[in-house]
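A.B. asks: My questions will all concern the structure given below.
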2 protein chains.
Amino acid sequence: MTEKFMSMKNLKFTLHSRKGKYSSKTPGFLKDHTPKTIDMILKAAFDLGKKVMHPMFEEMDRFPPVLENGRVHVHEGVRPMLETLGKDGWISAGLPEKWGGEDMPASLMHCIYFIFAAANYSASTFSGLTMGAANLILSFGTKELQDVYLPPMLAGKWQGTMALTEPEAGSSLGDLSCEAMPVEKEQYKICGEKIFISAGDHDGVDNIIHLMLARITGAPEGVKGISLFLVPKFRPESRGSLVENDVTVTQVFHKLGYKGAPITGLRMGENDNCIGYLVGEENKGLAYMFQMMNGARLEVGMGATGIATTAYHSSLEYCRTRHQGRKIAEPKNSEQVAIIQHPDVKRMLLFQRAVSEGALALILQCGMYEDIFTTDPSQTDCHLLLELLTPIAKTYPSEMGILSTSTAIQCFGGYGYCDDFPVEQHFRDMRVHTIHEGTTGIQAMDLLGRKVVAQNGRALMLLKEEILQTAGEARHSAGLDDMADQLVSYVALLEQVTMKIAAMGKNKGMDAYLANATLYLEMFGIIVIAWQWLSMAHAAATKLEQGVPKKTDQLFYEGKIHVATYFYSHELVRVNSISMTLGCETMVTLAIPEACFTD
Amino acid sequence: MTEKFMSMKNLKFTLHSRKGKYSSKTPGFLKDHTPKTIDMILKAAFDLGKKVMHPMFEEMDRFPPVLENGRVHVHEGVRPMLETLGKDGWISAGLPEKWGGEDMPASLMHCIYFIFAAANYSASTFSGLTMGAANLILSFGTKELQDVYLPPMLAGKWQGTMALTEPEAGSSLGDLSCEAMPVEKEQYKICGEKIFISAGDHDGVDNIIHLMLARITGAPEGVKGISLFLVPKFRPESRGSLVENDVTVTQVFHKLGYKGAPITGLRMGENDNCIGYLVGEENKGLAYMFQMMNGARLEVGMGATGIATTAYHSSLEYCRTRHQGRKIAEPKNSEQVAIIQHPDVKRMLLFQRAVSEGALALILQCGMYEDIFTTDPSQTDCHLLLELLTPIAKTYPSEMGILSTSTAIQCFGGYGYCDDFPVEQHFRDMRVHTIHEGTTGIQAMDLLGRKVVAQNGRALMLLKEEILQTAGEARHSAGLDDMADQLVSYVALLEQVTMKIAAMGKNKGMDAYLANATLYLEMFGIIVIAWQWLSMAHAAATKLEQGVPKKTDQLFYEGKIHVATYFYSHELVRVNSISMTLGCETMVTLAIPEACFTD
């Protein structure tokens with residue numbers, strides 16, 4: 001297995017080179033963290049990833065969770081890992097000091113999650129879920145719930161989950177039917193079934209705390225009748241004893257990848273004895289859950305980014321050490337060269353960097369907006385930008401990550417298809433990301449149906465300003481003006497296409513407006529990542545202009561500019577063809593009748 | 001598991017709707033097979049696929065081959081399957097009557113292979129490999145070798161293999177070092193190692209016959225010193241006894257997919273007792289092997305097409321039966337609809353059809369050229385076209401098949417990521433195809449470095465004629481003239497790009513000429529498939545113009561035209577951006593130094 005699963009140099013460069021209007025206006029988005037404390041935190045996270053998570057990366061895949069006698073057994077390394085994560089304060093890091101937290105900025109939390117996901121994606125999800133659940137309890141739960149549940153969760157002793165999906169309510173959440181019957185104040189009897197619940201049960205912790213959506217008896221139909229409940233596997237009784245809460249594990253799903261984490265089916269209330277505690281107000285569950293889900297969506301994007309990154313580093317090491325073939329100009333009897341010397345292999349490495357480093361930059365950009373808004377809630381524009389970019393930050397890494405890890409396999413040739421190297425596992429681990437926390441199709445409708453139209457399109461206008469500012473700044477660096485011009489013209493194209501789709505929606509209705517949402521999301525995503533690449537190229541060029549003493553640093557910055565060039569010549573151009581499709585008058589996906597799909 | 005793994009209606013439509021200059025000039029390319037006998041053959045192949053291969057599709061994946069005591073154990077269904085394939089004449093079908101064959105045209109052989117691959121890809125490879133090896137023995141082996149080896153191979157009792165790859169010689173075949181020391185006339189002692197040998201050993205047969213490349217002691221270096229040998233696992237001695245031939249299985253590779261077929265490492269001559277028999281002349285091995293390899297490359301393309309097809313049918317069935325969400329215009333409390341009604345789901349089904357049906361058409365087009373040339377060897381233009389299209393027919397289904405099976409997973413949502421449905425297996429089975437029988441990068445160099453430049457570009461000129469003829473014919477059908485115009489202009493763009501690359505090669509050398517070969521192959525492939533789609537749309541439109549009494553047939557033909565429209569609006573347009581990349585002056589894959597890949 002490759003030792004190097006991510007590059008700390010690249011992570012720091014990316015974190016510290018945020019651009020745009022807000023980065024300069026609010027330099028304190030990392031709060032009171034100095035570069036030195038940031039270094040220390042990242043180093044500590046890296047050590048944990050390297051020593052605790054990475055070593056069990058392959059084993060967790062080969063010996064996936066098993067359901068035995070109603071309990072899910074996970075890899076024996078999960079328990080000590082969660083204890084360490086709890087003890088050393090990683091689970092509580094983002095929380096206020098009152099809860100033992102560090103109030104850590106989102107940007108840093110994203111970096112930490114990136115490191116963990118690159119080290120071992122499956123392992124990284126356990127604590128991420130607990131953090132999300134803890135945040136919900138902290139935001140909307142009663143003091144009593146907080147006092148009982150938060151301490152063991154933050155200590156890594158209890159697992160948190162997000163329990164939304166049901167057999168008949170996946171993408172269509174409004175159709176969920178899990179029922180909550182009032183028993184006494186804030187206590188309900190829960191009855192129903194959930195599926196695809198990540199970390200829904202396992203023996204690496206002593207209790208599982210489900211943040212569960214259900215419908216209170218008599219509640220309105222659809223999304224307006226959904227409430228949020230805390231449903232523990234074991235109810236803590238007085239004097240610390242734990243009592244079974246009638247939550248049964250119906251199955252552990254066997255998956256293509258992401259095998260180290262147990263994804264379970266659950267049945268609640270089989271014996272009419274499952275108690276749930278209302279979190280927040282009645283019928284507001286979906287809104288609460290979306291708070292957690294937006295964070296979770298960025299996390300999915302970062303998970304995909306982490307996997308793509310480690311797959312890149314695996315393939316890079318292989319390409320530097322594997323000798324095969326010769327340069328075309330060299331004599332046939334010369335020694336074989338390292339395959340990294342072949343242009344087509346460089347293309348495959350460039351592509352992986354373009355995707356994984358671009359995605360990392362975008363999510364850290366989102367983190368910056370999040371931090372500015374958290375620090376100064378009057379900065380609502382930053383919140384709008386975060387909201388607009390979230391479906392892209394979730395989808396771009398997830399969709400492109402499939403191709404990126406596939407390309408990593410290709411670098412290895414036949415060996416990439418075998419499990420001698422971990423790269424086929426990265427490919428399998430990656431594939432879930434376009435599905436969980438809302439499929440790509442759902443993200444696309446979120447972008448075009450909600451985010452773009454909100455406040456009369458203000459978010460898109462703000463984004464345009466951000467991009468134009470980056471382009472304007474980049475023009476000061478020699479050699480970047482062509483990229484800056486291109487970016488500006490593609491943003492104009494995006495505006496045009498958006499208006500065209502809006503006009504079509506007016507003429508032909510919502511069906512037509514949303515019919516090509518997924519393609520629109522793809523186009524939008526490429527342009528946003530191009531923005532991030534120009535921003536990084538500009539940061540690198542600035543460093544080079546200032547003079548870089550170390551040769552390795554110089555090569556690093558030059559490399560950044562090369563990858564940006566690659567992105568513009570190979571990836572950004574794809575926007576042209578997508579916009580042609582979006583401009584088509586005949587909308588074949590609306591026109592073709594279902595009955596034409598028979599053979 | 002979905003019952004329907006392919007559509008016979010679509011296969012027949014595709015087989016019988018070949019277009020272009022040669023299809024009309026040489027109507028007899030299917031030799032003396034009437035539509036009725038063709039139907040019978042396809043029906044028999046389908047029954048075999050359905051009853052023998054398909055039922056063990058999942059089991060072969062879950063219980064992959066195991067190496068025990070030097071022998072590879074495969075699924076117990078492999079032996080009876082191979083016996084049936086032998087007994088019923090499927091392995092010998094393409095051979096002359098003298099060998100019990102049917103002299104079956106390549107077009108039909110491709111259809112049969114398509115059916116088998118769709119039924120169970122891993123299972124389909126065993127006999128395909130034996131057929132390829134048998135063809136080599138028949139073409140270049142002595143009568144003695146033929147008499148000894150062909151009968152048990154054609155009976156499905158002995159397995160044939162293609163043993164090329166070595167640890168240090170994968171894509172760089174000229175570097176292979178397996179040695180052959182002359183012992184007596186046409187007998188050599190073989191010493192060396194091979195890896196990634198498909199069906200390199202298994203207990204579903206009584207003997208394994210390797211068609212192996214090795215270097216005769218003192219032979220010239222590189223590709224000019226490679227000879228072809230027949231190396232059996234057991235040497236047949238007089239009176240039918242079999243004697244160990246010092247071929248050791250070093251390992252069975254654990255793979256991402258394609259698990260039912262054993263891919264092995266082999267060591268020859270550990271005890272100085274491995275005899276190989278020269279096939280054909282000394283030092284001509286690579287040329288012989290290429291004969292087999294070209295066929296094998298089409299087979300890889302067809303394998304990928306088969307897998308993409310069955311994945312499509314799985315997802316189609318799911319999309320027709322899974323209810324989730326509502327049409328946007330319908331009230332929120334209406335019943336959930338089948339997801340096939342959502343435009344984005346239709347897009348995913350259209351994409352899969354565009355890829356799998358387009359790929360099928362291209363390979364059958366190749367089969368037609370092959371059959372015309374075999375029937376009438378003066379038709380060398382057909383041979384040129386076959387040679388030109390082979391790297392595309394191998395690569396397009398393999399590369400696009402990754403996306404197509406990935407899209408099939410997406411149709412299932414979370415269920416697609418689990419092994420409750422076979423679709424995740426299709427995704428895994430698919431991924432090998434861009435690697436085996438020459439990676440995509442190798443195919444790209446074959447296309448641009450050999451096929452396009454051969455005979456001063458004659459093949460490309462012939463292809464252009466074919467495409468223009470199809471476009472001209474299609475214009476007679478109402479509604480197809482726009483597609484015809486587009487196709488003509490994209491062919492002109494392909495010519496332009498080809499000349500531009502050629503000019504760049506002249507100015508900057510071969511390195512620059514081939515640097516973007518993979519992108520060129522991609523662009524070429526899309527245009528070729530667009531040609532096939534116009535051809536199919538024209539055939540369907542012609543049927544509709546003639547009047548189609550059955551409603552289901554009418555919907556089928558209308559569906560074909562819709563998918564063609566989809567291909568032109570969503571896929572063909574991609575050529576625009578690829579051509580922009582190919583037109584870039586700065587070639588970043590040449591410009592970036594290896595040293596820039598550090599972090």
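Labels for the structure tokens follow display order: chains A, B, ..., residues from 1 in each chain, ligands from 1.
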I'd like the neighbourhood of Asp481 in chain B as a PyMOL selection string, where a residue qualifies if any of its atoms comes within 12 Å (using only C-alpha atoms), though same-chain residues fewer than 4 positions away should be ignored.

C.D. replies: chain B and resi 470-477+485-488+534+537-538+541+565

A.B. asks: Can you list, as an NGL selection string, every protein, DNA or RNA residue that comes within 7 Å of range 397-399 of chain B when you count only C-alpha atoms, leaving out same-chain residues fewer than 4 positions away?

C.D. replies: :B and (301 or 304-305 or 355 or 359 or 393 or 433-434)

A.B. asks: With only C-alpha atoms as the atoms that count, which of B:Glu545, B:Glu465, B:Glu184, B:Asp175 lies nearest to chain A?

C.D. replies: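 Smallest separation from chain A among the options: B:Asp175.
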
A.B. asks: Considering only helix (DSSP H, G or I) as DSSP defines it on the backbone, what residues of range 157-367 of chain A qualify? List them as a VMD selection string.

C.D. replies: chain A and resid 173 to 175 222 to 225 238 to 240 285 to 321 339 to 341 343 to 367

A.B. asks: Grab the CA of Ala539 in chain A to CA of Ala478 in chain A distance for me, in Å with one decimal place.

C.D. replies: 12.3 Å

A.B. asks: Apply DSSP to the structure's backbone, then extract all residues of range 9-104 of chain B labelled strand (DSSP E or B) and return them as a PyMOL selection string.

C.D. replies: chain B and resi 66-68+71-73

A.B. asks: Got a sec: who's within 7 Å of range 104-112 of chain A, counting only C-alpha atoms, leaving out chain neighbours fewer than 5 positions off, as a list of chain:residue names?

C.D. replies: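 Skipping anything fewer than 5 positions along the chain leaves A:Leu30, A:Lys31, A:Leu42, A:Ala45, A:Ala93, A:Gly94, A:Leu364, A:Gly367, A:Met368, A:Glu370, A:Asp371.
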
A.B. asks: Go ahead and write the residues just picked, N, CA and C atoms, as a CSV table (one decimal), in the first residue's frame.

C.D. replies:
```csv
chain,number,residue,atom,x,y,z
A,30,LEU,N,-10.4,32.2,9.6
A,30,LEU,CA,-9.9,31.1,10.4
A,30,LEU,C,-9.8,31.4,11.9
A,31,LYS,N,-10.6,32.5,12.3
A,31,LYS,CA,-10.6,32.9,13.7
A,31,LYS,C,-9.3,33.2,14.2
A,42,LEU,N,-3.3,20.1,11.8
A,42,LEU,CA,-3.3,19.3,10.6
A,42,LEU,C,-2.3,18.1,10.8
A,45,ALA,N,-3.9,15.5,13.0
A,45,ALA,CA,-4.9,14.8,12.3
A,45,ALA,C,-4.2,13.8,11.3
A,93,ALA,N,-14.5,18.8,18.4
A,93,ALA,CA,-13.6,19.9,17.9
A,93,ALA,C,-14.4,21.1,17.5
A,94,GLY,N,-15.5,20.9,16.7
A,94,GLY,CA,-16.3,22.0,16.1
A,94,GLY,C,-17.2,22.6,17.1
A,364,LEU,N,-13.0,24.0,0.3
A,364,LEU,CA,-12.4,24.9,1.3
A,364,LEU,C,-12.9,26.3,1.1
A,367,GLY,N,-16.0,26.3,2.9
A,367,GLY,CA,-15.7,26.4,4.3
A,367,GLY,C,-15.4,27.9,4.7
A,368,MET,N,-14.7,28.6,3.8
A,368,MET,CA,-14.5,30.0,4.1
A,368,MET,C,-15.8,30.8,4.2
A,370,GLU,N,-18.6,29.7,5.0
A,370,GLU,CA,-19.3,29.2,6.2
A,370,GLU,C,-18.7,29.9,7.4
A,371,ASP,N,-17.4,30.0,7.5
A,371,ASP,CA,-16.7,30.6,8.6
A,371,ASP,C,-17.0,32.1,8.7
```
